[in-house]
Amino acid sequence: MSAKTAFDLIFRHAVTQSSAVPADIGVSDGRIAAIAPHLESEAPEIDLGGKLVLSGFVDTHLHLDKACLLGRCGHEHGSLGDAIAAVAAMKRDFAIEDIYARGARVLERAIVAGTTRIRTHVEIDPRIGLRGFEAIKALKRDYAWAIDLSTCAFPQEGLTNDPGTEELLVAALCDGADLIGGCPYTDTDPHAQIEKLFDLAQAFDVDVDLHLDFDLDPSWWHLDEVCRQTERRNYQGRVAIGHATKLSALPPRQFDAAATKLARAGVAVTVLPATDLYLMGRDATHNSPRGLTVAHRLVEKGVVCSVATNNVLNPFTPFGDASLLRMANFYANVAQASVGEFDACLDLVTALPARLMNLGDYGIAVGNPADIIVLDTTSGRDAIAELPDVLMGFKQGRKVFERQKAVLFRP
Ligand SMILES: [Zn+2]
């Protein structure tokens with residue numbers, strides 16, 4: 001085979017985050033085989049005309065199993081406790097087919113919004129049993145052509161106070177759960193839950209991703225204990241905490257100290273803007289706090305951070321389209337990011353969450369899977385500013401979706 005025909009597909013004139021000068025990307029056997037100013041080839045080609053390509057968005061925190069529930073519950077809830085109770089009451093009756101159908105609806109929206117990798121948190125306890133986990137396993141298998149789904153098994157309603165939960169978590173880990181999560185603030189003994197989760201993580205050699213410090217009272221938190229356990233077990237780089245809204249309530253000096261602690265312990269932080277803004281600061285009558293931890297400031301201090309979706313259309317967050325580009329734009333707006341920081345905001349839904357998930361094969365680089373999305377813009381900065389359409393997406397070099405440009409019918 002000559003060098004001329006060594007590719008299955010060529011993307012011509014693609015701009016990447018690292019190079020504003022358009023280049024060609026050659027794909028072979030589902031992988032990026034070459035990147036150069038001009039590739040000689042007779043392979044089929046797609047001329048991108050200088051548009052921005054990314055390896056797809058990476059969503060580190062998404063609850064597929066309890067998505068799309070707005071039609072079946074009252075809408076008077078408002079607090080975090082109300083949301084947990086509302087879903088707890090509903091999930092006893094969840095059937096696998098129902099969870100699958102709701103999850104598929106969100107997954108398909110995520111795919112056409114350009115997401116190529118997802119970590120999904122699945123509730124495991126005696127009420128739901130392993131039905132949620134079974135549904136997610138089926139989704140992971142059935143949508144593998146479009147998206148890599150990583151499954152995080154976790155107890156939403158407590159572990160040490162909820163007999164039977166630990167055995168179910170172990171069953172999920174034995175049956176292919178990719179990592180373990182938790183929610184210490186719903187446990188009667190939060191530190192014991194953290195200890196137990198780390199024990200399980202080590203026993204199964206999986207990463208840890210916890211819901212943590214989800215209120216605006218910085219006078220107490222579980223962050224110290226998570227950092228301590230991470231360091232004690234040499235788990236640096238394998239632990240993430242989601243929400244961490246308490247950090248948003250810290251003045252600069254304490255914020256910097258917390259960032260230093262997180263960076264040293266190798267504990268990553270996931271900010272969930274839609275939920276954090278919806279649920280935090282509800283007791284304020286005016287001047288409501290945002291309740292959003294400013295992730296890009298943590299990144300400056302060496303903390304790996306992501307911005308993620310969390311919930312879609314349920315009592316925790318009655319909004320959602322599973323678009324991470326929209327979420328990054330929303331984050332940038334609320335976090336008052338400057339234009340010069342927009343690229344850093346895009347990193348929060350691309351390269352940084354890939355690092356958080358320890359994905360060794362993410363990015364537009366030779367040798368990586370040809371997971372490629374094309375945005376209708378020419379730079380990362382403009383992607384955050386303008387919310388361009390995601391025009392098309394490829395998984396391992398195979399086209400997964402294409403969006404038609406809107407047409408104006410002038411009179
Ligand atoms: Zn969550």
# chains A, B, ... in the order shown; residues from 1 in each chain; ligands from 1
>>> select_by_dssp(residues="segment 151-278 of chain A", states="alpha helix (DSSP H)", output="PyMOL selection string")
chain A and resi 165-174+190-204+223-232+252-265+273-278
>>> select_by_dssp(residues="segment 158-333 of chain A", states="strand (DSSP E)", output="VMD selection string")
chain A and resid 179 to 182 207 to 212 239 to 243 267 to 271 305 to 307
>>> write_last_selection(atoms="C-alpha atoms", output="compact mmCIF listing (two decimals), in the first residue's frame")
# COMPACT_ATOMS: atom_id res chain seq x y z
CA LEU A 179 -15.45 2.81 39.76
CA ILE A 180 -17.08 3.57 43.07
CA GLY A 181 -18.85 6.73 44.19
CA GLY A 182 -20.48 7.94 47.33
CA ASP A 207 -11.09 5.06 41.14
CA VAL A 208 -13.29 7.02 43.56
CA ASP A 209 -15.76 9.82 42.73
CA LEU A 210 -17.72 11.31 45.63
CA HIS A 211 -20.56 13.79 46.01
CA LEU A 212 -19.06 16.09 48.61
CA VAL A 239 -10.13 10.58 43.38
CA ALA A 240 -12.68 13.23 42.39
CA ILE A 241 -15.23 15.17 44.38
CA GLY A 242 -18.40 16.61 42.85
CA HIS A 243 -20.17 19.87 43.79
CA VAL A 267 -7.99 15.12 44.39
CA ALA A 268 -9.96 16.49 41.42
CA VAL A 269 -13.06 18.69 41.61
CA THR A 270 -16.15 18.54 39.42
CA VAL A 271 -18.37 21.60 39.34
CA CYS A 305 -11.23 20.14 37.48
CA SER A 306 -14.20 19.46 35.27
CA VAL A 307 -17.54 21.07 34.60
>>> atom_distance(atom1="atom CA of Arg403 of chain A", atom2="atom CA of Glu45 of chain A")
17.8 Å
>>> residues_around(residues="Ala20 of chain A", least_positions_apart="3", cutoff="12 Å", atoms="only C-alpha atoms", output="list in words")
His13, Ala14, Val15, Thr16, Gln17, Ala23, Pro37, Gly50, Lys51, Leu52, Val53, Thr377, Thr378, Ser379, Gly380 and Arg381 of chain A
>>> residues_around(residues="segment 129-139 of chain A", least_positions_apart="3", cutoff="9 Å", atoms="only C-alpha atoms", output="PyMOL selection string")
chain A and resi 64-66+92+94-101+103-104+107+120+122-126+142-144+149+151+153+165+168-169+171-172+176-177
>>> closest_residue(among="A:Asn358, A:Ser323, A:Gln336, A:Gln156", to="Ala113 of chain A", atoms="only C-alpha atoms")
A:Ser323
>>> decode(residues="segment 272-296 of chain A", atoms="N, CA and C atoms", output="PDB file, in the first residue's frame")
ATOM      1  N   LEU A 272     -20.769  21.405  39.074  1.00  0.00           N
ATOM      2  CA  LEU A 272     -22.007  21.010  38.394  1.00  0.00           C
ATOM      3  C   LEU A 272     -22.945  22.215  38.365  1.00  0.00           C
ATOM      4  N   PRO A 273     -22.682  23.151  37.453  1.00  0.00           N
ATOM      5  CA  PRO A 273     -23.319  24.470  37.526  1.00  0.00           C
ATOM      6  C   PRO A 273     -24.847  24.435  37.579  1.00  0.00           C
ATOM      7  N   ALA A 274     -25.464  23.606  36.778  1.00  0.00           N
ATOM      8  CA  ALA A 274     -26.936  23.643  36.703  1.00  0.00           C
ATOM      9  C   ALA A 274     -27.540  23.281  38.055  1.00  0.00           C
ATOM     10  N   THR A 275     -27.025  22.242  38.683  1.00  0.00           N
ATOM     11  CA  THR A 275     -27.570  21.804  39.974  1.00  0.00           C
ATOM     12  C   THR A 275     -27.130  22.735  41.094  1.00  0.00           C
ATOM     13  N   ASP A 276     -25.858  23.111  41.074  1.00  0.00           N
ATOM     14  CA  ASP A 276     -25.345  23.965  42.146  1.00  0.00           C
ATOM     15  C   ASP A 276     -26.114  25.288  42.189  1.00  0.00           C
ATOM     16  N   LEU A 277     -26.380  25.861  41.038  1.00  0.00           N
ATOM     17  CA  LEU A 277     -27.121  27.118  41.020  1.00  0.00           C
ATOM     18  C   LEU A 277     -28.583  26.937  41.387  1.00  0.00           C
ATOM     19  N   TYR A 278     -29.139  25.788  41.012  1.00  0.00           N
ATOM     20  CA  TYR A 278     -30.557  25.556  41.296  1.00  0.00           C
ATOM     21  C   TYR A 278     -30.799  25.300  42.782  1.00  0.00           C
ATOM     22  N   LEU A 279     -29.887  24.562  43.427  1.00  0.00           N
ATOM     23  CA  LEU A 279     -30.148  24.125  44.804  1.00  0.00           C
ATOM     24  C   LEU A 279     -29.484  24.970  45.889  1.00  0.00           C
ATOM     25  N   MET A 280     -28.454  25.694  45.552  1.00  0.00           N
ATOM     26  CA  MET A 280     -27.746  26.443  46.603  1.00  0.00           C
ATOM     27  C   MET A 280     -28.379  27.811  46.845  1.00  0.00           C
ATOM     28  N   GLY A 281     -28.185  28.292  48.073  1.00  0.00           N
ATOM     29  CA  GLY A 281     -28.590  29.654  48.423  1.00  0.00           C
ATOM     30  C   GLY A 281     -30.077  29.890  48.418  1.00  0.00           C
ATOM     31  N   ARG A 282     -30.860  28.825  48.628  1.00  0.00           N
ATOM     32  CA  ARG A 282     -32.303  28.956  48.527  1.00  0.00           C
ATOM     33  C   ARG A 282     -32.935  29.691  49.694  1.00  0.00           C
ATOM     34  N   ASP A 283     -32.194  29.788  50.811  1.00  0.00           N
ATOM     35  CA  ASP A 283     -32.780  30.497  51.948  1.00  0.00           C
ATOM     36  C   ASP A 283     -32.568  32.008  51.853  1.00  0.00           C
ATOM     37  N   ALA A 284     -31.811  32.450  50.865  1.00  0.00           N
ATOM     38  CA  ALA A 284     -31.601  33.887  50.710  1.00  0.00           C
ATOM     39  C   ALA A 284     -32.868  34.546  50.163  1.00  0.00           C
ATOM     40  N   THR A 285     -33.201  35.696  50.707  1.00  0.00           N
ATOM     41  CA  THR A 285     -34.357  36.426  50.190  1.00  0.00           C
ATOM     42  C   THR A 285     -33.942  37.422  49.111  1.00  0.00           C
ATOM     43  N   HIS A 286     -32.661  37.762  49.091  1.00  0.00           N
ATOM     44  CA  HIS A 286     -32.137  38.688  48.088  1.00  0.00           C
ATOM     45  C   HIS A 286     -30.629  38.524  48.048  1.00  0.00           C
ATOM     46  N   ASN A 287     -30.000  39.063  47.024  1.00  0.00           N
ATOM     47  CA  ASN A 287     -28.553  38.876  46.854  1.00  0.00           C
ATOM     48  C   ASN A 287     -28.161  37.415  47.008  1.00  0.00           C
ATOM     49  N   SER A 288     -28.878  36.529  46.364  1.00  0.00           N
ATOM     50  CA  SER A 288     -28.631  35.094  46.512  1.00  0.00           C
ATOM     51  C   SER A 288     -27.205  34.755  46.090  1.00  0.00           C
ATOM     52  N   PRO A 289     -26.525  33.921  46.877  1.00  0.00           N
ATOM     53  CA  PRO A 289     -25.175  33.504  46.459  1.00  0.00           C
ATOM     54  C   PRO A 289     -25.270  32.600  45.238  1.00  0.00           C
ATOM     55  N   ARG A 290     -24.207  32.618  44.419  1.00  0.00           N
ATOM     56  CA  ARG A 290     -24.210  31.736  43.254  1.00  0.00           C
ATOM     57  C   ARG A 290     -24.045  30.277  43.674  1.00  0.00           C
ATOM     58  N   GLY A 291     -23.222  30.032  44.685  1.00  0.00           N
ATOM     59  CA  GLY A 291     -23.024  28.650  45.112  1.00  0.00           C
ATOM     60  C   GLY A 291     -22.246  27.826  44.109  1.00  0.00           C
ATOM     61  N   LEU A 292     -21.452  28.502  43.315  1.00  0.00           N
ATOM     62  CA  LEU A 292     -20.697  27.824  42.256  1.00  0.00           C
ATOM     63  C   LEU A 292     -19.208  27.962  42.550  1.00  0.00           C
ATOM     64  N   THR A 293     -18.529  26.847  42.690  1.00  0.00           N
ATOM     65  CA  THR A 293     -17.083  26.894  42.909  1.00  0.00           C
ATOM     66  C   THR A 293     -16.375  27.240  41.607  1.00  0.00           C
ATOM     67  N   VAL A 294     -15.470  28.205  41.678  1.00  0.00           N
ATOM     68  CA  VAL A 294     -14.832  28.707  40.463  1.00  0.00           C
ATOM     69  C   VAL A 294     -13.681  27.762  40.082  1.00  0.00           C
ATOM     70  N   ALA A 295     -14.012  26.822  39.212  1.00  0.00           N
ATOM     71  CA  ALA A 295     -13.101  25.725  38.879  1.00  0.00           C
ATOM     72  C   ALA A 295     -11.816  26.228  38.232  1.00  0.00           C
ATOM     73  N   HIS A 296     -11.919  27.220  37.355  1.00  0.00           N
ATOM     74  CA  HIS A 296     -10.696  27.613  36.648  1.00  0.00           C
ATOM     75  C   HIS A 296      -9.692  28.291  37.580  1.00  0.00           C
TER      76      HIS A 296
END
